[in-house]
$ cat input_29.csv   # CSV, C-alpha atoms
chain,number,residue,atom,x,y,z
S,96,MET,CA,69.6,65.2,-15.7
S,97,GLY,CA,66.5,63.1,-16.4
S,98,GLN,CA,66.3,60.3,-18.9
S,99,PRO,CA,69.3,58.0,-19.3
S,100,VAL,CA,70.8,57.9,-22.8
S,101,THR,CA,69.9,54.2,-23.4
S,102,ALA,CA,67.5,52.3,-25.5
S,103,PRO,CA,64.5,50.4,-24.0
S,104,SER,CA,64.8,46.9,-22.9
S,105,PRO,CA,63.2,44.0,-24.9
S,106,ARG,CA,59.5,43.7,-24.3
S,107,ALA,CA,56.8,41.6,-25.8
S,108,GLY,CA,55.1,43.3,-28.7
S,109,GLY,CA,56.8,46.5,-27.9
S,110,VAL,CA,54.3,47.4,-25.1
S,111,VAL,CA,54.7,46.6,-21.4
S,112,ASN,CA,51.8,48.5,-19.8
S,113,SER,CA,48.4,50.0,-20.4
S,114,GLU,CA,49.8,53.5,-20.7
S,115,GLN,CA,52.0,52.5,-23.6
S,116,LEU,CA,49.1,50.7,-25.2
S,117,ALA,CA,47.0,53.8,-24.8
S,118,LEU,CA,49.8,55.9,-26.3
S,119,ARG,CA,50.0,53.7,-29.4
S,120,SER,CA,46.2,53.8,-29.8
S,121,SER,CA,46.1,57.6,-29.4
S,122,VAL,CA,48.9,58.2,-31.9
S,123,ARG,CA,47.4,55.7,-34.4
S,124,ALA,CA,44.0,57.4,-34.2
S,125,LEU,CA,45.6,60.9,-34.5
S,126,LEU,CA,47.6,59.9,-37.6
S,127,ALA,CA,44.6,58.2,-39.2
S,128,LYS,CA,42.6,61.4,-38.9
S,129,HIS,CA,45.3,64.1,-39.6
S,130,SER,CA,48.2,62.6,-41.4
S,131,ASP,CA,48.3,63.5,-45.1
S,132,VAL,CA,51.7,62.2,-46.4
S,133,ARG,CA,51.4,63.6,-49.9
S,134,LYS,CA,50.5,67.1,-48.7
S,135,ALA,CA,53.0,67.2,-45.9
S,136,MET,CA,56.0,66.3,-48.0
S,137,GLU,CA,55.3,69.2,-50.2
S,138,LEU,CA,55.1,71.8,-47.4
S,139,PRO,CA,57.9,74.3,-46.9
S,140,ARG,CA,59.1,72.6,-43.7
S,141,GLY,CA,58.7,69.1,-45.0
S,142,HIS,CA,56.1,68.2,-42.4
S,143,ASP,CA,52.7,69.3,-41.2
S,144,PRO,CA,53.4,71.8,-38.3
S,145,ASP,CA,49.9,71.4,-36.9
S,146,LEU,CA,50.2,67.7,-36.7
S,147,TRP,CA,53.6,68.1,-35.1
S,148,LEU,CA,52.0,70.3,-32.4
S,149,ARG,CA,49.3,67.7,-31.8
S,150,LEU,CA,51.9,65.0,-31.4
S,151,CYS,CA,53.9,67.2,-28.9
S,152,ASP,CA,50.6,67.7,-27.0
S,153,ILE,CA,50.5,64.0,-26.5
S,154,GLY,CA,54.0,64.1,-25.2
S,155,VAL,CA,56.0,62.0,-27.7
S,156,LEU,CA,59.4,63.4,-27.0
S,157,PRO,CA,61.6,61.9,-24.2
S,158,ILE,CA,61.8,65.1,-22.1
S,159,PRO,CA,61.5,65.0,-18.3
S,160,ALA,CA,58.6,66.8,-16.6
S,161,GLU,CA,61.0,69.2,-14.9
S,162,TYR,CA,61.9,70.7,-18.3
S,163,GLY,CA,58.3,71.0,-19.6
S,164,GLY,CA,58.0,67.5,-21.0
S,165,SER,CA,55.7,64.6,-20.4
S,166,GLY,CA,58.3,62.5,-18.7
S,167,ALA,CA,58.2,59.9,-21.6
S,168,SER,CA,61.1,57.6,-21.9
S,169,LEU,CA,62.8,56.4,-25.1
S,170,ALA,CA,60.5,53.3,-24.9
S,171,GLU,CA,57.5,55.5,-25.4
S,172,THR,CA,59.2,57.5,-28.2
S,173,HIS,CA,60.0,54.3,-30.0
S,174,ILE,CA,56.4,53.3,-30.0
S,175,VAL,CA,55.5,56.6,-31.6
S,176,LEU,CA,58.3,56.2,-34.2
S,177,GLU,CA,57.0,52.8,-35.1
S,178,GLU,CA,53.5,54.3,-35.7
S,179,LEU,CA,55.0,57.2,-37.8
S,180,GLY,CA,56.9,54.5,-39.8
S,181,ARG,CA,53.7,52.7,-40.5
S,182,THR,CA,52.1,55.7,-42.1
S,183,LEU,CA,55.4,57.3,-43.5
S,184,THR,CA,54.2,60.5,-41.9
S,185,PRO,CA,56.9,63.2,-42.3
S,186,SER,CA,57.8,64.3,-38.8
S,187,PRO,CA,60.8,65.8,-37.0
S,188,LEU,CA,60.5,63.3,-34.2
S,189,LEU,CA,63.6,61.2,-35.1
S,190,GLY,CA,66.0,64.1,-35.3
S,191,ALA,CA,64.4,65.9,-32.3
S,192,THR,CA,64.8,62.8,-30.2
S,193,ILE,CA,68.5,62.6,-30.8
S,194,ALA,CA,68.9,66.3,-30.2
S,195,VAL,CA,67.0,66.1,-26.9
S,196,GLN,CA,69.2,63.2,-25.7
S,197,ALA,CA,72.3,65.1,-26.6
S,198,LEU,CA,71.2,68.2,-24.7
S,199,LEU,CA,70.2,66.2,-21.6
S,200,ALA,CA,73.5,64.4,-21.6
S,201,THR,CA,75.5,67.6,-21.2
S,202,GLY,CA,74.2,68.1,-17.7
S,203,ASN,CA,73.7,71.8,-18.4
S,204,ASP,CA,70.6,72.6,-16.4
S,205,GLU,CA,70.4,76.2,-17.6
S,206,ALA,CA,70.4,75.2,-21.3
S,207,CYS,CA,67.9,72.4,-20.6
S,208,ARG,CA,65.5,74.8,-18.8
S,209,ARG,CA,65.9,77.4,-21.6
S,210,LEU,CA,65.5,75.1,-24.6
S,211,LEU,CA,63.6,72.0,-23.7
S,212,PRO,CA,60.2,73.5,-22.9
S,213,GLY,CA,59.9,75.0,-26.4
S,214,ILE,CA,61.1,71.7,-27.9
S,215,ALA,CA,58.6,69.7,-25.8
S,216,ALA,CA,55.8,72.1,-26.9
S,217,GLY,CA,56.7,71.7,-30.5
S,218,THR,CA,57.4,75.5,-31.0
S,219,THR,CA,61.1,75.0,-31.1
S,220,LEU,CA,62.8,72.5,-33.4
S,221,ALA,CA,66.3,71.4,-32.6
S,222,ALA,CA,68.7,69.6,-34.9
S,223,LEU,CA,72.0,67.8,-34.0
S,224,VAL,CA,74.9,68.4,-36.2
S,225,SER,CA,77.8,66.0,-35.9
S,226,SER,CA,81.2,67.3,-36.9
S,227,ASP,CA,82.8,64.1,-38.1
S,228,ALA,CA,83.4,66.0,-41.4
S,229,SER,CA,85.3,68.8,-39.8
S,230,GLU,CA,88.0,70.0,-42.2
S,231,ARG,CA,91.7,70.3,-41.5
S,232,ASP,CA,94.3,72.6,-43.1
S,233,ALA,CA,97.5,71.6,-44.9
S,234,GLN,CA,99.3,71.3,-41.5
S,235,GLY,CA,96.6,69.0,-40.2
S,236,HIS,CA,95.1,71.5,-37.8
S,237,ARG,CA,91.3,71.6,-37.3
S,238,SER,CA,89.8,74.4,-39.4
S,239,THR,CA,87.1,76.7,-38.3
S,240,GLN,CA,84.7,75.1,-40.9
S,241,THR,CA,82.5,72.3,-40.0
S,242,SER,CA,80.5,70.7,-42.8
S,243,ARG,CA,77.9,68.0,-42.3
S,244,SER,CA,75.5,66.4,-44.8
S,245,LEU,CA,72.3,64.6,-44.1
S,246,VAL,CA,71.3,66.5,-41.0
S,247,LEU,CA,67.7,65.7,-40.1
S,248,ASP,CA,65.6,68.8,-40.4
S,249,GLY,CA,68.8,70.9,-40.4
S,250,ASP,CA,67.5,73.6,-42.8
S,251,VAL,CA,64.3,74.3,-40.8
S,252,ALA,CA,65.6,73.9,-37.2
S,253,ASP,CA,65.3,76.8,-34.8
S,254,VAL,CA,68.5,75.8,-32.9
S,255,LEU,CA,71.5,73.8,-34.0
S,256,LEU,CA,73.3,71.6,-31.5
S,257,VAL,CA,76.8,71.0,-32.9
S,258,ALA,CA,78.9,68.1,-31.6
S,259,ASP,CA,82.4,69.2,-32.3
S,260,GLY,CA,85.1,67.0,-30.9
S,261,SER,CA,84.4,66.3,-27.2
S,262,SER,CA,82.0,69.2,-26.7
S,263,LEU,CA,78.4,70.1,-27.6
S,264,PHE,CA,77.8,73.7,-28.8
S,265,GLU,CA,74.7,75.7,-29.4
S,266,VAL,CA,74.6,77.7,-32.6
S,267,SER,CA,71.9,80.0,-33.8
S,268,PRO,CA,71.0,79.1,-37.4
S,269,ASP,CA,70.4,82.8,-38.3
S,270,GLN,CA,73.9,84.1,-37.4
S,271,PRO,CA,76.7,84.8,-40.0
S,272,GLY,CA,78.8,81.8,-40.9
S,273,VAL,CA,75.9,79.3,-41.0
S,274,SER,CA,74.9,77.9,-44.3
S,275,ARG,CA,71.9,75.5,-44.5
S,276,VAL,CA,70.9,73.9,-47.8
S,277,HIS,CA,68.0,71.5,-48.2
S,278,THR,CA,69.2,68.2,-49.7
S,279,PRO,CA,66.5,66.5,-51.8
S,280,THR,CA,66.9,62.7,-51.7
S,281,MET,CA,65.2,59.7,-53.2
S,282,ASP,CA,62.9,59.6,-50.1
S,283,PRO,CA,60.6,62.7,-50.3
S,284,THR,CA,59.1,62.0,-46.8
S,285,ARG,CA,62.4,62.6,-45.0
S,286,ARG,CA,63.8,66.2,-44.6
S,287,LEU,CA,67.6,66.4,-44.8
S,288,ALA,CA,70.0,69.2,-45.2
S,289,ARG,CA,73.7,70.1,-45.6
S,290,ILE,CA,75.0,72.3,-42.8
S,291,THR,CA,78.2,74.3,-43.2
S,292,LEU,CA,79.6,76.3,-40.2
S,293,THR,CA,82.3,78.8,-41.0
S,294,GLY,CA,83.5,80.2,-37.7
S,295,PRO,CA,80.1,81.2,-36.2
S,296,ALA,CA,79.9,82.1,-32.5
S,297,ARG,CA,79.3,78.9,-30.5
S,298,THR,CA,78.1,78.5,-26.9
S,299,ARG,CA,79.5,75.5,-25.2
S,300,LEU,CA,76.9,73.5,-23.4
S,301,GLY,CA,78.9,70.6,-22.1
S,302,PRO,CA,80.4,67.3,-23.2
S,303,ALA,CA,79.2,65.7,-26.4
S,304,PRO,CA,77.9,62.2,-25.8
S,305,ASP,CA,78.2,59.3,-28.2
S,306,LEU,CA,74.6,58.9,-29.3
S,307,GLY,CA,75.1,56.5,-32.1
S,308,HIS,CA,73.3,53.6,-30.6
S,309,VAL,CA,70.4,55.8,-29.5
S,310,ALA,CA,70.0,57.0,-33.1
S,311,LEU,CA,70.2,53.5,-34.5
S,312,ALA,CA,67.7,52.1,-32.0
S,313,ALA,CA,65.2,54.9,-32.8
S,314,LEU,CA,65.6,54.4,-36.5
S,315,ALA,CA,65.1,50.7,-36.2
S,316,ALA,CA,61.8,51.2,-34.4
S,317,GLU,CA,60.6,53.4,-37.3
S,318,GLN,CA,61.8,50.8,-39.9
S,319,VAL,CA,59.9,48.0,-38.2
S,320,GLY,CA,56.7,50.0,-38.2
S,321,ALA,CA,57.1,50.7,-41.9
S,322,ALA,CA,58.0,47.1,-42.8
S,323,ALA,CA,55.0,45.7,-40.8
S,324,ARG,CA,52.7,48.1,-42.7
S,325,CYS,CA,54.2,47.0,-46.1
S,326,LEU,CA,53.3,43.4,-45.2
S,327,GLU,CA,49.8,44.3,-44.0
S,328,LEU,CA,49.1,46.2,-47.3
S,329,THR,CA,50.5,43.3,-49.4
S,330,VAL,CA,48.5,40.6,-47.6
S,331,SER,CA,45.3,42.8,-48.0
S,332,TYR,CA,46.0,43.3,-51.7
S,333,THR,CA,46.6,39.6,-52.4
S,334,LYS,CA,43.4,38.7,-50.7
S,335,GLY,CA,41.4,40.9,-53.1
S,336,ARG,CA,43.4,40.3,-56.3
S,337,VAL,CA,41.8,37.5,-58.3
S,338,GLN,CA,43.7,35.5,-60.9
S,339,PHE,CA,42.6,32.3,-62.5
S,340,GLY,CA,39.3,32.7,-60.7
S,341,ARG,CA,40.9,32.7,-57.2
S,342,PRO,CA,42.4,35.3,-54.9
S,343,ILE,CA,46.1,35.1,-55.4
S,344,ALA,CA,46.6,34.9,-51.6
S,345,SER,CA,45.2,31.3,-51.9
S,346,PHE,CA,48.1,30.1,-53.9
S,347,GLN,CA,50.5,28.1,-51.7
S,348,ALA,CA,53.6,29.7,-53.2
S,349,LEU,CA,52.5,33.2,-52.2
S,350,GLN,CA,51.4,32.0,-48.8
S,351,HIS,CA,55.0,30.7,-48.2
S,352,ARG,CA,56.4,34.1,-49.3
S,353,MET,CA,54.0,35.9,-46.9
S,354,ALA,CA,55.0,33.6,-44.1
S,355,ASP,CA,58.7,34.3,-44.7
S,356,LEU,CA,58.0,38.0,-44.7
S,357,HIS,CA,56.1,37.7,-41.4
S,358,VAL,CA,59.0,36.0,-39.8
S,359,LEU,CA,61.4,38.6,-41.2
S,360,VAL,CA,59.3,41.5,-39.8
S,361,GLU,CA,58.9,39.9,-36.3
S,362,THR,CA,62.6,39.1,-36.0
S,363,ALA,CA,63.4,42.6,-37.1
S,364,ARG,CA,61.0,43.8,-34.3
S,365,SER,CA,62.9,41.7,-31.8
S,366,ALA,CA,66.2,43.1,-33.0
S,367,ALA,CA,64.9,46.6,-32.6
S,368,LEU,CA,63.6,46.0,-29.1
S,369,ALA,CA,66.9,44.5,-28.1
S,370,ALA,CA,69.0,47.5,-29.3
S,371,THR,CA,70.3,48.6,-25.9
S,372,ASP,CA,74.0,49.1,-26.5
S,373,PRO,CA,76.3,49.9,-29.4
S,374,VAL,CA,76.7,46.3,-30.5
S,375,SER,CA,73.0,45.4,-30.4
S,376,ALA,CA,72.0,48.7,-31.9
S,377,ALA,CA,74.3,48.1,-34.9
S,378,VAL,CA,72.9,44.6,-35.3
S,379,ALA,CA,69.4,46.1,-35.3
S,380,LYS,CA,70.4,48.7,-37.9
S,381,VAL,CA,71.7,46.0,-40.2
S,382,TYR,CA,68.9,43.6,-39.7
S,383,CYS,CA,66.0,46.1,-39.8
S,384,SER,CA,67.4,47.9,-42.8
S,385,GLU,CA,67.7,44.7,-44.8
S,386,ALA,CA,64.3,43.4,-43.6
S,387,PHE,CA,62.5,46.6,-44.5
S,388,SER,CA,64.2,46.7,-48.0
S,389,LYS,CA,63.2,43.0,-48.6
S,390,VAL,CA,59.6,43.5,-47.5
S,391,ALA,CA,59.2,46.7,-49.5
S,392,ALA,CA,60.7,45.0,-52.6
S,393,GLU,CA,58.2,42.1,-52.2
S,394,MET,CA,55.4,44.7,-51.8
S,395,ILE,CA,56.3,46.2,-55.2
S,396,GLN,CA,56.5,42.8,-56.9
S,397,LEU,CA,53.3,41.4,-55.5
S,398,HIS,CA,51.3,44.5,-56.2
S,399,GLY,CA,52.3,44.3,-59.8
S,400,GLY,CA,52.1,47.4,-62.1
S,401,ILE,CA,50.0,49.5,-59.8
S,402,ALA,CA,52.9,49.6,-57.3
S,403,ILE,CA,55.1,51.7,-59.6
S,404,THR,CA,52.5,54.4,-60.2
S,405,TRP,CA,52.8,57.7,-58.4
S,406,GLU,CA,49.3,57.4,-57.1
S,407,HIS,CA,50.1,54.2,-55.1
S,408,ASP,CA,52.1,54.4,-51.8
S,409,ALA,CA,54.2,51.3,-52.5
S,410,HIS,CA,56.9,53.3,-54.1
S,411,LEU,CA,57.1,55.7,-51.1
S,412,TYR,CA,57.7,52.7,-48.8
S,413,PHE,CA,60.3,51.4,-51.2
S,414,LYS,CA,62.1,54.8,-51.2
S,415,ARG,CA,61.9,55.1,-47.4
S,416,ALA,CA,63.4,51.6,-47.1
S,417,HIS,CA,66.4,52.4,-49.2
S,418,GLY,CA,66.8,55.9,-47.8
S,419,SER,CA,66.7,54.8,-44.1
S,420,ALA,CA,69.1,52.0,-44.9
S,421,GLN,CA,71.8,54.6,-45.7
S,422,LEU,CA,70.9,56.9,-42.8
S,423,PHE,CA,73.4,56.8,-39.9
S,424,GLY,CA,75.6,54.5,-41.9
S,425,SER,CA,74.9,51.8,-44.4
S,426,PRO,CA,74.4,48.1,-43.3
S,427,ALA,CA,77.8,47.3,-44.9
S,428,GLU,CA,79.5,50.0,-42.8
S,429,HIS,CA,78.0,48.6,-39.6
S,430,VAL,CA,78.9,45.0,-40.5
S,431,ARG,CA,82.5,46.2,-40.9
S,432,ARG,CA,82.3,48.0,-37.5
S,433,LEU,CA,80.8,44.9,-35.8
S,434,THR,CA,83.5,42.7,-37.3
S,435,ALA,CA,86.2,44.9,-36.0
S,436,MET,CA,84.5,45.2,-32.5
S,437,LEU,CA,83.9,41.5,-32.1
S,438,GLN,CA,87.2,40.2,-33.3
S,439,PRO,CA,89.4,38.8,-30.5
S,440,ALA,CA,92.4,40.9,-29.6
$ encode --input "input_29.csv" --output "structure tokens"
Amino acid sequence: MGQPVTAPSPRAGGVVNSEQLALRSSVRALLAKHSDVRKAMELPRGHDPDLWLRLCDIGVLPIPAEYGGSGASLAETHIVLEELGRTLTPSPLLGATIAVQALLATGNDEACRRLLPGIAAGTTLAALVSSDASERDAQGHRSTQTSRSLVLDGDVADVLLVADGSSLFEVSPDQPGVSRVHTPTMDPTRRLARITLTGPARTRLGPAPDLGHVALAALAAEQVGAAARCLELTVSYTKGRVQFGRPIASFQALQHRMADLHVLVETARSAALAATDPVSAAVAKVYCSEAFSKVAAEMIQLHGGIAITWEHDAHLYFKRAHGSAQLFGSPAEHVRRLTAMLQPA
């Protein structure tokens, strides 16, 4: 059916060929010219639709050419997610990537040919709704209601892909029995919603794959990009901030802290690139979440009072760090899962 549901293999610097390097340069230039984070997060859809169309023109989604995509793999999408993380640009890419992989994994050629061209073009937005919160009645039977919080772009999606039990279903968001409520969170750059499905008509597309490791690997790539940018901004600020007649970056104590943060970011990058299976993806989720939170906290402290003003972007990185740490399960939850998985029988 096209792209395998796996994360990319480790590669030096996240780029293995000239095409991927060109992709990174193109996306970075596009974001530098057109990304306005403050404006985008206040828009009705939580992102800039024009910028999203431009990104889709580049071919950032992992959709095979036979379904109207660019043929990009998850490796290329992770490069773009890292760039989006650097700038905190509000974008549906993370959620759309997971939805696309779920649809491809069903093996339903008709559904792929019907839905993926619009998703690839940026004119159709898909959201994946997991049903791990499906309710049961007093007798323990599964009810007709499925409720799920923290669905990426769930309230603005044009099509809902619902993973219920072992099957993936297509649900129209406009039909009766579908409730979608925007859920404001600490991070204003991430669009989340609560979806409640009360017996709506569902079209079965095929088996529902386990995409947990795909979601974690994609999020880790985004976290690494944001953490790296936090460090870049902090180093730049300390070089220009003068105290006692010297730039504070010249003080050895701060140099040691910067060196520690650099090591933290680069090891997080390695963890993200190595996220190829459920175990390594969970490890990446834990490490990248904690690394990003640490670097963002240091950014706040080393910038001083300016960092906690609304006008400065430091607080947005801090909020993204803590919000993304809880997305797809907290680090503590994944540590418990890893402990259980790796314990000898």
$ closest_atom_pairs --input "input_29.csv" --of "segment 290-329 of chain S" --to "segment 202-218 of chain S" --cutoff "10 Å" --atoms "all atoms listed in the file" --output "tab-separated table"
residue	atom	partner	partner_atom	distance
S:Arg299	CA	S:Asn203	CA	9.7
S:Leu300	CA	S:Asn203	CA	6.2
S:Gly301	CA	S:Asn203	CA	6.5
S:Pro302	CA	S:Gly202	CA	8.3
$ closest_residue --input "input_29.csv" --among "S:Ser388, S:Ser375, S:Thr219, S:Gln350" --to "Leu437 of chain S" --atoms "only C-alpha atoms"
S:Ser375
$ atom_distance --input "input_29.csv" --atom1 "atom CA of Thr192 of chain S" --atom2 "atom CA of Asp152 of chain S"
15.4 Å
$ atom_distance --input "input_29.csv" --atom1 "atom CA of Ala416 of chain S" --atom2 "atom CA of Phe387 of chain S"
5.7 Å
$ residues_around --input "input_29.csv" --residues "His129 of chain S" --least-positions-apart "6" --cutoff "10 Å" --atoms "all atoms listed in the file" --output "VMD selection string"
chain S and resid 143 145 to 146 149 184
$ atom_distance --input "input_29.csv" --atom1 "atom CA of Gly141 of chain S" --atom2 "atom CA of Pro187 of chain S"
8.9 Å
$ residues_around --input "input_29.csv" --residues "segment 254-261 of chain S" --least-positions-apart "6" --cutoff "9 Å" --atoms "all atoms listed in the file" --output "list in words"
Ala194, Ala197, Leu198, Leu210, Thr219, Leu220, Ala221, Ala222, Leu223, Val224, Ser225, Ser226, Asp227, Ser229, Thr241, Ser267, Pro268, Arg297, Gly301, Pro302, Ala303 and Pro304 of chain S
$ write_last_selection --input "input_29.csv" --atoms "C-alpha atoms" --output "mmCIF file, in the coordinates of the input"
data_model
loop_
_atom_site.group_PDB
_atom_site.id
_atom_site.type_symbol
_atom_site.label_atom_id
_atom_site.label_comp_id
_atom_site.auth_asym_id
_atom_site.auth_seq_id
_atom_site.Cartn_x
_atom_site.Cartn_y
_atom_site.Cartn_z
ATOM 1 C CA ALA S 194 68.900 66.300 -30.200
ATOM 2 C CA ALA S 197 72.300 65.100 -26.600
ATOM 3 C CA LEU S 198 71.200 68.200 -24.700
ATOM 4 C CA LEU S 210 65.500 75.100 -24.600
ATOM 5 C CA THR S 219 61.100 75.000 -31.100
ATOM 6 C CA LEU S 220 62.800 72.500 -33.400
ATOM 7 C CA ALA S 221 66.300 71.400 -32.600
ATOM 8 C CA ALA S 222 68.700 69.600 -34.900
ATOM 9 C CA LEU S 223 72.000 67.800 -34.000
ATOM 10 C CA VAL S 224 74.900 68.400 -36.200
ATOM 11 C CA SER S 225 77.800 66.000 -35.900
ATOM 12 C CA SER S 226 81.200 67.300 -36.900
ATOM 13 C CA ASP S 227 82.800 64.100 -38.100
ATOM 14 C CA SER S 229 85.300 68.800 -39.800
ATOM 15 C CA THR S 241 82.500 72.300 -40.000
ATOM 16 C CA SER S 267 71.900 80.000 -33.800
ATOM 17 C CA PRO S 268 71.000 79.100 -37.400
ATOM 18 C CA ARG S 297 79.300 78.900 -30.500
ATOM 19 C CA GLY S 301 78.900 70.600 -22.100
ATOM 20 C CA PRO S 302 80.400 67.300 -23.200
ATOM 21 C CA ALA S 303 79.200 65.700 -26.400
ATOM 22 C CA PRO S 304 77.900 62.200 -25.800
#
$ closest_residue --input "input_29.csv" --among "S:Pro185, S:Gly154, S:Pro159, S:Pro139" --to "Thr172 of chain S" --atoms "all atoms listed in the file"
S:Gly154
$ closest_residue --input "input_29.csv" --among "S:Leu422, S:Val360, S:Val132, S:Leu292" --to "Glu406 of chain S" --atoms "all atoms listed in the file"
S:Val132
$ residues_around --input "input_29.csv" --residues "Gln115 of chain S" --least-positions-apart "6" --cutoff "10 Å" --atoms "all atoms listed in the file" --output "PDB file with C-alpha atoms, in the coordinates of the input"
ATOM      1  CA  GLY S 109      56.800  46.500 -27.900  1.00  0.00           C
ATOM      2  CA  SER S 121      46.100  57.600 -29.400  1.00  0.00           C
ATOM      3  CA  ALA S 167      58.200  59.900 -21.600  1.00  0.00           C
ATOM      4  CA  ALA S 170      60.500  53.300 -24.900  1.00  0.00           C
ATOM      5  CA  GLU S 171      57.500  55.500 -25.400  1.00  0.00           C
ATOM      6  CA  THR S 172      59.200  57.500 -28.200  1.00  0.00           C
ATOM      7  CA  ILE S 174      56.400  53.300 -30.000  1.00  0.00           C
ATOM      8  CA  VAL S 175      55.500  56.600 -31.600  1.00  0.00           C
TER       9      VAL S 175
END
